[in-house]
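*Asks:* Provided below: model07.cif, containing mmCIF, N, CA and C atoms.
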data_final
loop_
_atom_site.label_atom_id
_atom_site.label_comp_id
_atom_site.auth_asym_id
_atom_site.auth_seq_id
_atom_site.Cartn_x
_atom_site.Cartn_y
_atom_site.Cartn_z
N MET A 99 156.82 115.29 76.40
CA MET A 99 156.56 116.59 76.99
C MET A 99 155.23 117.13 76.45
N TRP A 100 154.49 117.78 77.31
CA TRP A 100 153.18 118.30 76.91
C TRP A 100 153.35 119.59 76.11
N PRO A 101 152.47 119.79 75.14
CA PRO A 101 152.54 121.05 74.38
C PRO A 101 152.11 122.22 75.25
N GLN A 102 152.59 123.40 74.92
CA GLN A 102 152.23 124.61 75.66
C GLN A 102 150.74 124.90 75.48
N ARG A 103 150.13 125.36 76.56
CA ARG A 103 148.71 125.76 76.46
C ARG A 103 148.65 127.09 75.72
N ARG A 104 147.62 127.24 74.95
CA ARG A 104 147.47 128.49 74.22
C ARG A 104 147.05 129.62 75.15
N ARG A 105 146.19 129.29 76.11
CA ARG A 105 145.73 130.29 77.09
C ARG A 105 146.00 129.75 78.48
N PRO A 106 146.28 130.63 79.41
CA PRO A 106 146.41 130.14 80.80
C PRO A 106 145.03 129.79 81.35
N ASN A 107 145.01 128.89 82.32
CA ASN A 107 143.75 128.51 82.95
C ASN A 107 143.35 129.62 83.92
N THR A 108 142.43 130.48 83.51
CA THR A 108 142.00 131.59 84.36
C THR A 108 140.60 131.38 84.90
N THR A 109 140.08 130.16 84.74
CA THR A 109 138.71 129.90 85.20
C THR A 109 138.66 129.58 86.68
N GLY A 110 139.78 129.38 87.30
CA GLY A 110 139.80 129.05 88.72
C GLY A 110 139.67 127.55 88.93
N SER A 111 139.75 127.16 90.16
CA SER A 111 139.65 125.74 90.50
C SER A 111 138.25 125.23 90.24
N ARG A 112 138.18 124.03 89.78
CA ARG A 112 136.86 123.44 89.53
C ARG A 112 136.44 122.54 90.67
N THR A 113 137.32 122.36 91.65
CA THR A 113 136.98 121.49 92.76
C THR A 113 136.58 122.28 94.01
N VAL A 114 136.95 123.53 94.09
CA VAL A 114 136.61 124.34 95.25
C VAL A 114 135.20 124.91 95.03
N PRO A 115 134.28 124.64 95.96
CA PRO A 115 132.92 125.16 95.77
C PRO A 115 132.88 126.68 95.83
N LYS A 116 131.88 127.23 95.18
CA LYS A 116 131.69 128.68 95.21
C LYS A 116 131.26 129.10 96.61
N PRO A 117 131.61 130.31 97.03
CA PRO A 117 131.16 130.77 98.35
C PRO A 117 129.65 130.98 98.36
N PHE A 118 129.08 130.94 99.55
CA PHE A 118 127.64 131.15 99.68
C PHE A 118 127.27 132.59 99.36
N LEU A 119 128.14 133.52 99.74
CA LEU A 119 127.90 134.94 99.48
C LEU A 119 128.85 135.42 98.39
N ASP A 120 128.30 136.07 97.37
CA ASP A 120 129.19 136.63 96.36
C ASP A 120 129.79 137.94 96.90
N ASP A 121 130.71 138.52 96.16
CA ASP A 121 131.40 139.72 96.63
C ASP A 121 130.45 140.90 96.85
N ALA A 122 129.45 141.05 96.00
CA ALA A 122 128.49 142.15 96.16
C ALA A 122 127.70 141.99 97.45
N GLN A 123 127.27 140.76 97.74
CA GLN A 123 126.52 140.53 98.99
C GLN A 123 127.42 140.77 100.19
N TRP A 124 128.65 140.27 100.13
CA TRP A 124 129.57 140.47 101.25
C TRP A 124 129.84 141.95 101.47
N ASN A 125 130.06 142.70 100.38
CA ASN A 125 130.33 144.13 100.51
C ASN A 125 129.16 144.88 101.13
N SER A 126 127.95 144.38 100.95
CA SER A 126 126.79 145.06 101.52
C SER A 126 126.64 144.83 103.03
N ILE A 127 127.30 143.80 103.56
CA ILE A 127 127.15 143.49 104.99
C ILE A 127 128.46 143.52 105.77
N LYS A 128 129.59 143.67 105.11
CA LYS A 128 130.87 143.50 105.81
C LYS A 128 131.09 144.52 106.92
N ASP A 129 130.45 145.69 106.84
CA ASP A 129 130.62 146.67 107.91
C ASP A 129 130.01 146.19 109.24
N LEU A 130 129.09 145.23 109.18
CA LEU A 130 128.50 144.69 110.41
C LEU A 130 129.47 143.78 111.16
N PHE A 131 130.45 143.24 110.44
CA PHE A 131 131.35 142.25 111.00
C PHE A 131 132.75 142.81 111.24
N ALA A 132 132.83 143.99 111.75
CA ALA A 132 134.14 144.63 111.97
C ALA A 132 134.95 143.82 112.98
N ASN A 133 136.20 143.57 112.64
CA ASN A 133 137.10 142.87 113.55
C ASN A 133 137.63 143.85 114.58
N PRO A 134 137.64 143.49 115.87
CA PRO A 134 138.23 144.39 116.86
C PRO A 134 139.74 144.49 116.66
N LEU A 135 140.30 145.56 117.15
CA LEU A 135 141.75 145.75 117.04
C LEU A 135 142.47 144.70 117.86
N PRO A 136 143.68 144.31 117.45
CA PRO A 136 144.44 143.33 118.23
C PRO A 136 144.74 143.86 119.63
N SER A 137 144.80 142.97 120.57
CA SER A 137 145.09 143.34 121.95
C SER A 137 146.54 143.78 122.07
N PRO A 138 146.80 144.83 122.85
CA PRO A 138 148.20 145.24 123.07
C PRO A 138 148.99 144.17 123.82
N LEU A 139 148.29 143.23 124.45
CA LEU A 139 148.96 142.16 125.17
C LEU A 139 149.43 141.06 124.23
N GLY A 140 149.04 141.12 122.98
CA GLY A 140 149.44 140.10 122.01
C GLY A 140 148.39 139.01 121.92
N GLY A 141 148.84 137.85 121.52
CA GLY A 141 147.93 136.73 121.37
C GLY A 141 147.67 136.43 119.90
N ARG A 142 146.95 135.38 119.67
CA ARG A 142 146.66 134.95 118.32
C ARG A 142 145.71 135.93 117.65
N PRO A 143 145.98 136.32 116.41
CA PRO A 143 145.07 137.24 115.71
C PRO A 143 143.74 136.53 115.38
N ARG A 144 142.68 137.31 115.36
CA ARG A 144 141.36 136.75 115.05
C ARG A 144 141.29 136.35 113.58
N VAL A 145 140.52 135.30 113.33
CA VAL A 145 140.25 134.87 111.96
C VAL A 145 139.33 135.91 111.33
N GLU A 146 139.52 136.18 110.06
CA GLU A 146 138.67 137.13 109.34
C GLU A 146 137.21 136.70 109.42
N PRO A 147 136.28 137.66 109.44
CA PRO A 147 134.87 137.29 109.61
C PRO A 147 134.25 136.56 108.41
N ARG A 148 134.68 136.87 107.19
CA ARG A 148 134.03 136.24 106.03
C ARG A 148 134.18 134.72 106.03
N PRO A 149 135.38 134.16 106.24
CA PRO A 149 135.45 132.69 106.27
C PRO A 149 134.61 132.08 107.40
N CYS A 150 134.53 132.78 108.53
CA CYS A 150 133.69 132.28 109.63
C CYS A 150 132.23 132.26 109.22
N LEU A 151 131.78 133.34 108.59
CA LEU A 151 130.39 133.41 108.14
C LEU A 151 130.12 132.33 107.11
N GLU A 152 131.06 132.09 106.21
CA GLU A 152 130.89 131.03 105.21
C GLU A 152 130.77 129.67 105.90
N GLY A 153 131.57 129.43 106.93
CA GLY A 153 131.48 128.18 107.68
C GLY A 153 130.13 128.03 108.38
N ILE A 154 129.65 129.11 108.96
CA ILE A 154 128.34 129.10 109.61
C ILE A 154 127.25 128.79 108.58
N LEU A 155 127.34 129.43 107.43
CA LEU A 155 126.35 129.18 106.39
C LEU A 155 126.41 127.75 105.89
N TRP A 156 127.61 127.17 105.85
CA TRP A 156 127.73 125.76 105.45
C TRP A 156 126.96 124.87 106.41
N VAL A 157 127.13 125.10 107.72
CA VAL A 157 126.43 124.29 108.72
C VAL A 157 124.92 124.48 108.60
N LEU A 158 124.48 125.73 108.46
CA LEU A 158 123.05 126.00 108.38
C LEU A 158 122.43 125.41 107.11
N LYS A 159 123.13 125.51 106.00
CA LYS A 159 122.58 125.01 104.74
C LYS A 159 122.64 123.49 104.64
N SER A 160 123.75 122.90 105.07
CA SER A 160 123.92 121.46 104.92
C SER A 160 123.22 120.67 106.03
N GLY A 161 123.04 121.31 107.18
CA GLY A 161 122.49 120.57 108.32
C GLY A 161 123.53 119.69 108.98
N GLY A 162 124.78 119.86 108.57
CA GLY A 162 125.86 119.05 109.13
C GLY A 162 126.22 119.46 110.54
N ARG A 163 126.99 118.63 111.19
CA ARG A 163 127.45 118.93 112.54
C ARG A 163 128.65 119.86 112.45
N TRP A 164 128.88 120.62 113.52
CA TRP A 164 130.03 121.52 113.54
C TRP A 164 131.32 120.74 113.31
N GLN A 165 131.42 119.58 113.90
CA GLN A 165 132.66 118.81 113.79
C GLN A 165 132.89 118.30 112.37
N ASP A 166 131.87 118.35 111.51
CA ASP A 166 132.01 117.92 110.12
C ASP A 166 132.33 119.08 109.17
N LEU A 167 132.57 120.25 109.72
CA LEU A 167 132.88 121.43 108.91
C LEU A 167 134.12 121.16 108.05
N PRO A 168 134.03 121.36 106.72
CA PRO A 168 135.19 121.09 105.86
C PRO A 168 136.39 121.94 106.25
N GLU A 169 137.56 121.47 105.90
CA GLU A 169 138.80 122.14 106.30
C GLU A 169 139.03 123.47 105.61
N ARG A 170 138.26 123.77 104.57
CA ARG A 170 138.45 125.06 103.89
C ARG A 170 137.92 126.22 104.74
N TYR A 171 137.19 125.91 105.81
CA TYR A 171 136.67 126.92 106.72
C TYR A 171 137.51 126.94 107.99
N PRO A 172 137.38 128.01 108.80
CA PRO A 172 138.09 128.01 110.09
C PRO A 172 137.60 126.86 110.98
N SER A 173 138.20 126.70 112.12
CA SER A 173 137.85 125.57 112.99
C SER A 173 136.38 125.65 113.40
N PRO A 174 135.78 124.50 113.65
CA PRO A 174 134.37 124.49 114.08
C PRO A 174 134.14 125.32 115.35
N ALA A 175 135.08 125.27 116.29
CA ALA A 175 134.92 126.03 117.53
C ALA A 175 134.91 127.53 117.25
N THR A 176 135.79 127.98 116.35
CA THR A 176 135.85 129.40 116.00
C THR A 176 134.54 129.84 115.35
N CYS A 177 134.06 129.06 114.39
CA CYS A 177 132.81 129.42 113.71
C CYS A 177 131.65 129.44 114.70
N TRP A 178 131.60 128.44 115.58
CA TRP A 178 130.50 128.39 116.55
C TRP A 178 130.55 129.59 117.50
N ARG A 179 131.76 129.94 117.97
CA ARG A 179 131.89 131.09 118.87
C ARG A 179 131.47 132.38 118.18
N ARG A 180 131.84 132.53 116.92
CA ARG A 180 131.44 133.74 116.18
C ARG A 180 129.93 133.78 115.99
N LEU A 181 129.32 132.64 115.68
CA LEU A 181 127.85 132.62 115.56
C LEU A 181 127.21 133.04 116.86
N LYS A 182 127.71 132.53 117.97
CA LYS A 182 127.17 132.89 119.29
C LYS A 182 127.35 134.38 119.55
N GLU A 183 128.54 134.89 119.29
CA GLU A 183 128.84 136.31 119.51
C GLU A 183 127.96 137.20 118.63
N TRP A 184 127.89 136.87 117.35
CA TRP A 184 127.12 137.69 116.41
C TRP A 184 125.63 137.61 116.68
N THR A 185 125.16 136.46 117.14
CA THR A 185 123.73 136.33 117.47
C THR A 185 123.40 137.16 118.70
N GLU A 186 124.25 137.08 119.72
CA GLU A 186 124.01 137.85 120.95
C GLU A 186 124.05 139.35 120.69
N ARG A 187 124.88 139.79 119.77
CA ARG A 187 125.00 141.22 119.46
C ARG A 187 123.96 141.68 118.43
N GLY A 188 123.15 140.76 117.92
CA GLY A 188 122.11 141.11 116.95
C GLY A 188 122.62 141.28 115.53
N ILE A 189 123.86 140.90 115.29
CA ILE A 189 124.44 141.08 113.96
C ILE A 189 123.81 140.14 112.94
N MET A 190 123.49 138.92 113.34
CA MET A 190 122.92 137.97 112.39
C MET A 190 121.54 138.44 111.90
N VAL A 191 120.75 139.01 112.79
CA VAL A 191 119.43 139.52 112.38
C VAL A 191 119.59 140.72 111.44
N LYS A 192 120.53 141.62 111.76
CA LYS A 192 120.77 142.78 110.89
C LYS A 192 121.25 142.33 109.52
N THR A 193 122.11 141.31 109.49
CA THR A 193 122.60 140.77 108.22
C THR A 193 121.46 140.20 107.40
N TRP A 194 120.62 139.41 108.05
CA TRP A 194 119.46 138.81 107.39
C TRP A 194 118.56 139.89 106.80
N GLU A 195 118.27 140.91 107.60
CA GLU A 195 117.40 141.99 107.14
C GLU A 195 118.01 142.72 105.93
N ARG A 196 119.30 143.00 106.01
CA ARG A 196 119.96 143.73 104.93
C ARG A 196 119.96 142.92 103.62
N LEU A 197 120.25 141.63 103.73
CA LEU A 197 120.26 140.78 102.53
C LEU A 197 118.85 140.61 101.97
N LEU A 198 117.85 140.49 102.85
CA LEU A 198 116.47 140.38 102.37
C LEU A 198 116.03 141.65 101.65
N LYS A 199 116.39 142.81 102.20
CA LYS A 199 116.03 144.08 101.54
C LYS A 199 116.67 144.16 100.16
N SER A 200 117.91 143.70 100.06
CA SER A 200 118.60 143.72 98.77
C SER A 200 117.89 142.81 97.77
N LEU A 201 117.53 141.61 98.19
CA LEU A 201 116.81 140.70 97.30
C LEU A 201 115.44 141.26 96.92
N ASP A 202 114.79 141.92 97.87
CA ASP A 202 113.48 142.50 97.59
C ASP A 202 113.59 143.63 96.56
N ARG A 203 114.62 144.47 96.69
CA ARG A 203 114.83 145.55 95.71
C ARG A 203 115.07 144.98 94.31
N GLN A 204 115.71 143.83 94.23
CA GLN A 204 115.99 143.20 92.95
C GLN A 204 114.80 142.37 92.45
N LYS A 205 113.70 142.39 93.21
CA LYS A 205 112.48 141.63 92.86
C LYS A 205 112.75 140.12 92.78
N GLN A 206 113.59 139.64 93.69
CA GLN A 206 113.91 138.21 93.72
C GLN A 206 113.19 137.48 94.84
N LEU A 207 112.30 138.18 95.55
CA LEU A 207 111.51 137.56 96.62
C LEU A 207 110.04 137.58 96.25
N SER A 208 109.37 136.52 96.60
CA SER A 208 107.92 136.47 96.43
C SER A 208 107.31 136.45 97.83
N TRP A 209 106.79 137.58 98.26
CA TRP A 209 106.25 137.69 99.61
C TRP A 209 104.90 137.00 99.74
N SER A 210 104.33 136.53 98.64
CA SER A 210 103.04 135.84 98.70
C SER A 210 103.20 134.40 99.15
N GLN A 211 104.44 133.91 99.20
CA GLN A 211 104.68 132.53 99.61
C GLN A 211 105.57 132.53 100.85
N ALA A 212 105.24 131.66 101.77
CA ALA A 212 106.06 131.50 102.97
C ALA A 212 105.94 130.06 103.43
N MET A 213 106.94 129.61 104.16
CA MET A 213 106.92 128.25 104.65
C MET A 213 107.50 128.23 106.06
N GLY A 214 106.87 127.52 106.92
CA GLY A 214 107.40 127.32 108.26
C GLY A 214 107.77 125.86 108.42
N ASP A 215 108.94 125.60 108.95
CA ASP A 215 109.40 124.23 109.11
C ASP A 215 109.78 124.03 110.57
N GLY A 216 109.05 123.21 111.25
CA GLY A 216 109.33 122.95 112.66
C GLY A 216 109.84 121.55 112.90
N THR A 217 110.29 120.88 111.85
CA THR A 217 110.73 119.49 112.01
C THR A 217 111.96 119.36 112.89
N PHE A 218 112.71 120.45 113.04
CA PHE A 218 113.91 120.41 113.85
C PHE A 218 113.62 120.75 115.31
N SER A 219 112.38 121.17 115.61
CA SER A 219 112.02 121.59 116.96
C SER A 219 111.37 120.42 117.70
N PRO A 220 112.03 119.89 118.71
CA PRO A 220 111.43 118.77 119.42
C PRO A 220 110.28 119.23 120.32
N ALA A 221 109.28 118.38 120.46
CA ALA A 221 108.21 118.64 121.41
C ALA A 221 108.75 118.24 122.78
N LYS A 222 108.91 119.22 123.66
CA LYS A 222 109.57 118.96 124.93
C LYS A 222 108.83 117.93 125.78
N ARG A 223 107.53 118.03 125.80
CA ARG A 223 106.78 117.09 126.63
C ARG A 223 105.82 116.26 125.80
N GLY A 224 105.41 116.79 124.70
CA GLY A 224 104.51 116.04 123.83
C GLY A 224 103.15 115.81 124.48
N ARG A 225 102.30 115.07 123.85
CA ARG A 225 100.95 114.81 124.34
C ARG A 225 100.98 114.01 125.64
N ARG A 226 101.82 113.02 125.70
CA ARG A 226 101.88 112.18 126.89
C ARG A 226 102.25 113.01 128.13
N GLY A 227 103.25 113.88 127.98
CA GLY A 227 103.65 114.72 129.10
C GLY A 227 102.53 115.64 129.54
N TRP A 228 101.73 116.15 128.58
CA TRP A 228 100.62 117.02 128.92
C TRP A 228 99.58 116.26 129.71
N GLN A 229 99.29 115.00 129.31
CA GLN A 229 98.31 114.20 130.04
C GLN A 229 98.79 113.90 131.45
N ASP A 230 100.10 113.62 131.60
CA ASP A 230 100.65 113.36 132.93
C ASP A 230 100.54 114.60 133.82
N GLN A 231 100.80 115.76 133.26
CA GLN A 231 100.66 117.00 134.03
C GLN A 231 99.22 117.20 134.48
N GLU A 232 98.29 116.97 133.58
CA GLU A 232 96.87 117.15 133.89
C GLU A 232 96.46 116.18 135.00
N ARG A 233 96.92 114.93 134.92
CA ARG A 233 96.58 113.94 135.94
C ARG A 233 97.15 114.37 137.29
N GLN A 234 98.39 114.84 137.33
CA GLN A 234 99.00 115.28 138.58
C GLN A 234 98.25 116.48 139.15
N ARG A 235 97.84 117.39 138.29
CA ARG A 235 97.11 118.57 138.74
C ARG A 235 95.77 118.15 139.37
N ASN A 236 95.08 117.21 138.72
CA ASN A 236 93.79 116.74 139.25
C ASN A 236 93.97 116.01 140.58
N GLU A 237 95.03 115.20 140.70
CA GLU A 237 95.28 114.50 141.95
C GLU A 237 95.60 115.48 143.07
N THR A 238 96.36 116.54 142.77
CA THR A 238 96.72 117.54 143.77
C THR A 238 95.47 118.27 144.24
N HIS A 239 94.61 118.65 143.30
CA HIS A 239 93.39 119.35 143.67
C HIS A 239 92.41 118.45 144.41
N ALA A 240 92.44 117.15 144.10
CA ALA A 240 91.56 116.21 144.80
C ALA A 240 92.00 116.10 146.26
N ASP A 241 93.28 116.17 146.52
CA ASP A 241 93.79 116.09 147.91
C ASP A 241 93.44 117.36 148.68
N ASP A 242 93.31 118.49 148.00
CA ASP A 242 93.00 119.76 148.64
C ASP A 242 91.52 119.85 149.00
N GLY A 243 90.73 118.94 148.46
CA GLY A 243 89.29 118.98 148.74
C GLY A 243 88.55 119.83 147.73
N ARG A 244 89.17 120.17 146.67
CA ARG A 244 88.50 120.98 145.64
C ARG A 244 87.70 120.15 144.71
#
Starting from the coordinates I provided, produce the structure as structure tokens.

*Replies:*
Amino acid sequence: MWPQRRRPNTTGSRTVPKPFLDDAQWNSIKDLFANPLPSPLGGRPRVEPRPCLEGILWVLKSGGRWQDLPERYPSPATCWRRLKEWTERGIMVKTWERLLKSLDRQKQLSWSQAMGDGTFSPAKRGRRGWQDQERQRNETHADDGR
């Protein structure tokens, strides 16, 4: 039999990752994510907004696919729908602005440095497509007698 522990384990799980937003950050933005009242017609209750936001942040930070969302978060479809809803309502931009202002007040941002990353943005037509368009335009104008 194992001896009694002198202290209980109050450090929490060591296998569960820490949330992306701490409680202070969540408290500063949670009013933006108000859950609507349940429908009088019934139906499944909505998932709380914080776990959905954590799932969205996991996808954005990891670059993983929605279908690879770990099971500790709500379903990928739920998180994706909430991202769509919150983006359309402007909530994600307001959240970003509020968190940036908080970091700026704490002097944790350096506004002298910035980085733009377009590696995820595909070139829709690229150089080759531009040359093809130019050639078609010239051929069309040549037929017009211009």

*Asks:* Report as a list in words all protein, DNA and RNA residues lying within 7 Å of region 116-128 of chain A, evaluated on only N, CA and C atoms, omitting residues in the same chain fewer than 2 positions from it.

*Replies:*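 Counting only N, CA and C atoms, the residues come to Thr113, Val114, Leu130, Phe131, Ala132, Glu152, Thr193 and Arg196 of chain A.
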
*Asks:* Compare A:Gly188, A:Pro115, A:Pro168, A:Gly214 by their minimum atom-to-atom distance to Cys150 (chain A), counting only C-alpha atoms, and give me the closest one.

*Replies:* A:Pro168

*Asks:* Residues picked by the PyMOL selection byres (((chain A and resi 146 and name CA) around 10) and name CA) here, as a ChimeraX atom specification?

*Replies:* /A:131-133,143-145,147-151,172

*Asks:* In Å, rounded to a single decimal, give me how far CA of Ser173 (chain A) is from CA of Leu197 (chain A).

*Replies:*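 That distance, rounded to one decimal, is 25.5 Å.
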
*Asks:* Quick one, how far is atom N of Asp215 (chain A) from atom C of Ser160 (chain A)?

*Replies:*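 Separating atom N of Asp215 (chain A) from atom C of Ser160 (chain A) is a distance of 15.4 Å.
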
*Asks:* Could you pull out the helix (DSSP H, G or I) residues of region 104-211 of chain A from DSSP and send them as number ranges by chain?

*Replies:* A: 121-131, 147-160, 164-166, 174-186, 189-203

*Asks:* Starting from the PyMOL selection byres (((chain A and resi 174-181 and name CA) around 6) and name CA), expand the selection into actual residues of this file and give them as an MDAnalysis selection string.

*Replies:* chainID A and resid 150 164:165 173 182:185

*Asks:* Just the number, please: distance in Å from atom N of Gly153 (chain A) to atom C of Leu167 (chain A), one decimal.

*Replies:* 8.7 Å
